[in-house]
Amino acid sequence: MDSDDDIPIKQRNKRVISDDEDDVPLSQITKKVKTEEDESFSPQKPKTKTKKASKPKKEKDGTAEKVKKPKKAKSDENSNKSTTKKDKNSEKVKKEVKKEAKKEDSPTPTQEDDEGYKWWEQQDDLDGEIKWESLEHNGVMFPPEYEPLPSHVKLYYDGKPVKLSKEAEEVAGFFAALIETDHGKNPVFQKNFFNDFLKVIEETNGSDIRIVEFEKCDFTKMYAYFEKLKEEKKNLSKDEKKEMKLEKEKIEEPYKTCLLNGRKEKIGNFRIEPPGLFRGRGAHPKTGKLKRRVYPEDVTLNLSEGIPVPPPPEGHNWGDIKHDNTVTWLAMWRENIADSFKYVRFANNSSIKGLSDFKKFETARQLKNHIDEIREDYTKLLKSDLMQDRQMATATYLIDVFALRAGGEKGDDEADTVGCCSLRYEHITLTPPNKVIFDFLGKDSIRFYQEVEVDKQVFKNLKIFKKAPKQPGDDLFDRINPSLLNKKFQFYMKGLTAKVFRTYNASKTMQDQLDLIKNEGTVAEKVVRFNAANRTVAILCNHQRTVSKTHGNSIQKINDKLKELLWQKIRLKKLILEMEPKLKKIDKKYFEEIEDFSKEDEMVIHEKIIERTIDQINKKFARDNEKLKLEQKPLLTNKDLKERLEKADELKKEFKQELKTGKVQMKKTATVEKLKQQIETIENRYLTTSFQLKDKEDNSEVSLGTSKMNYIDPRLTVVFAKKFDVPIEKLFTKTLREKFTWAIESADENWRF
DNA sequence: GTGTTTACTTAGTATCGGCACT
DNA sequence: AGTGCCGATACTAAGTAAACAC
């Protein structure tokens with residue numbers, strides 16, 4: 001009960017005192033734990049280390065699986081490619097088989113079919129250190145130089161126009177463009193901007209008036225000018241826009257691709273980030289600071305040795321040239337806000353990114369072979385009498401069960417956000433017997449709020465981690481950090497880190513959800529169900545989005561539409577009763593709902609319809625006149641308009657009558673049969689619409705994209721598409737299809753995560 | 001261990017562009 | 001043909017994690 005060799009921490013709460021009883025066999029555990037000492041948290045058999053560099057494809061679900069022969073590419077994407085491509089496909093299949101036995105050197109890729117290169121069919125795993133054999137590119141694209149504003153557009157200070165140096169003017173412009181946004185209105189943003197603005201003024205001797213107070217700065221003229229520019233741009237003719245686009249493409253062309261191992265591959269962010277004001281997320285202390293312009297001198301290029309270095313922009317030099325083939329970036333520079341690095345990298349559909357993505361999912365997939373043991377272990381260790389082990393076990397539980405991120409430490413100059421290891425006292429609320437409320441800001445300052453029930457022992461532990469003298473501001477997990485956690489994880493499985501749990505649990509959840517879906521209904525219905533499964537995962541990972549400004553509106557609109565459908569239906573039913581009053585008795589139920597619709601509601605709808613009708617007539621009138629004018633024919637007169645509007649008046653009368661009598665005017669051609677038919681159509685539309693509504697509301701603050709892109713093994717989606725006959729285009733956008741081509745072409749419908 | 005440096009993934013949002021509506 | 005909306009894409013911030021320095 002006293003091994004004080006345990007890490008000392010400021011307080012003496014290191015020993016876990018079971019705050020209460022039933023906790024029993026601490027002593028017992030103690031013994032066990034003792035024997036294993038520091039291995040206490042690792043599996044008995046360190047199976048890991050063994051498998052390693054041994055090249056032979058031993059891991060069956062890894063390499064072996066991925067080589068699965070290419071399915072005859074189904075997506076239209078591929079089908080519209082020339083036949084030559086197909087031939088190559090089948091060729092590759094053959095090659096494959098041979099290779100399976102033992103790799104044979106790949107005959108250097110035939111150039112022009114770069115696009116068709118299928119790394120996932122190759123054996124020569126670019127495993128490990130070396131990321132490329134050869135790398136050629138044309139450098140990076142810089143943002144255009146700053147163009148001073150026309151002389152009549154100025155910043156005003158204390159009511160007077162200010163003459164600014166072009167550097168200072170640029171910075172003022174950055175802010176001016178944002179004055180109507182949340183950033184522009186954020187005091188921290190304003191303050192940081194203003195400080196940097198003053199600095200630039202000082203450095204460039206940039207103002208003819210002494211600028212002291214932010215409040216006296218008037219950016220509205222600049223803002224208005226930018227708005228005007230936007231407007232003008234929008235109003236350009238189609239051809240002009242096209243022209244500009246073409247021009248832009250031409251300039252970008254050389255920077256969009258590179259040669260990787262002799263094959264053409266796309267580059268992702270080939271553009272150097274332009275200067276601007278740093279837009280930090282959440283309460284970021286540095287938000288609004290000036291992000292300075294990057295010059296070639298700041299940029300390091302990375303490419304093969306012995307090839308020509310792309311020429312730097314006129315009058316400049318590259319900062320440095322590297323030939324490091326253990327990294328995947330093509331260019332790099334240092335940014336001035338957090339003094340961190342920025343990289344130019346390959347695009348998502350590149351072989352390098354694809355391979356790494358594939359590996360990520362394979363690692364996550366392997367976790368299924370270890371998860372039981374891991375869970376057993378941490379369940380036991382929740383009761384360890386070593387504080388550190390308890391914390392390890394508890395953290396692992398949270399990461400596994402609630403998909404928390406690792407939670408590395410953060411500085412004062414960053415937004416105050418947390419993950420598992422950095423959770424603090426105030427982030428959880430405990431309510432016996434085992435309820436926990438998590439409430440904290442996670443990555444991107446997205447709120448994580450969950451009321452959950454946890455394992456009894458976890459509850460106890462959290463209580464202990466909060467015990468006095470701990471108080472708000474103190475770390476819950478004061479004996480551990482992500483690095484420690486990850487080191488432990490390595491014992492179970494090579495490559496296992498905290499984030500792998502998120503990937504694993506996300507994909508596992510998706511598979512389980514998909515397994516529940518029955519193969520029935522229309523394609524649209526299946527897609528909706530797929531999205532529902534997707535949503536489960538997104539919720540697990542806490543992927544949120546801010547509800548769009550127009551969301552409330554569009555919900556309202558759909559609701560109105562629903563109401564109107566309902567009204568139409570009831571109206572038709574009334575009509576039926578007009579024709580066959582005795583039906584009311586015979587099919588009571590069918591006509592019951594007629595009573596449900598209140599007069600008030602009816603009136604509202606009547607008004608809306610009339611309004612809409614008038615509106616339509618007016619618009620049509622205007623359009624017709626427009627046309628006549630063009631054709632130089634006599635215009636329609638107000639009298640014509642009045643005539644047309646009579647229709648609306650008639651409608652008005654009709655509705656009024658209806659409202660009064662509760663009866664609907666009969667149409668001559670109607671028959672009960674026809675009406676019933678119409679009612680059914682309306683009912684169907686009602687159903688679909690309300691389905692859409694629900695989907696929309698469910699999705700309003702959940703972001704499905706992030707999990708689809710990063711967490712759900714794409715092969716699950718491919719399997720679903722194949723098994724359920726849903727075109728993959730309905731599930732993956734074009735870019736996702738490109739990113740996940742490896743999955744689309746390698747997973748057959750029996751594939752399991 | 002702790003702290004720093006580097007490199008890579010994950011994340012929400014601003015903006016673009018195409019399509020369904022008038 | 002114009003417009004408004006919405007999904008897709010571009011952008012870059014914000015994480016994780018490994019390697020290295022002390």
# chains A, B, ... in the order shown; residues from 1 in each chain; ligands from 1
>>> interface_residues(of="chain A", to="chain C", cutoff="7 Å", atoms="only C-alpha atoms (C1' of nucleotides)", output="ChimeraX atom specification")
/A:280,443-444
>>> closest_atom_pairs(of="chain A", to="chain B", cutoff="9 Å", atoms="only C-alpha atoms (C1' of nucleotides)", output="CSV")
residue,atom,partner,partner_atom,distance
A:Val327,CA,B:DA7,C1',7.6
A:Thr328,CA,B:DA7,C1',8.6
A:Trp329,CA,B:DA7,C1',8.7
A:Phe341,CA,B:DT6,C1',8.1
A:Tyr343,CA,B:DA7,C1',8.9
A:Lys443,CA,B:DA11,C1',7.8
A:Asp444,CA,B:DA11,C1',7.0
A:His543,CA,B:DA11,C1',8.5
A:Gln544,CA,B:DG12,C1',8.0
A:Arg545,CA,B:DG12,C1',6.7
A:Thr546,CA,B:DG12,C1',8.6
A:Gln616,CA,B:DT22,C1',9.0
A:Thr706,CA,B:DA11,C1',7.2
A:Asn710,CA,B:DT10,C1',7.1
>>> closest_residue(among="A:Ile179, A:Ile744, A:Leu736, A:Cys420", to="Ala347 in chain A", atoms="only C-alpha atoms")
A:Leu736
>>> closest_residue(among="A:Ser746, A:Leu577, A:Val458, A:Ile539", to="Ala403 in chain A", atoms="only C-alpha atoms")
A:Ile539
>>> atom_distance(atom1="CA of Phe489 in chain A", atom2="CA of Glu426 in chain A")
27.8 Å
>>> atom_distance(atom1="CA of Met222 in chain A", atom2="CA of Ala177 in chain A")
7.6 Å
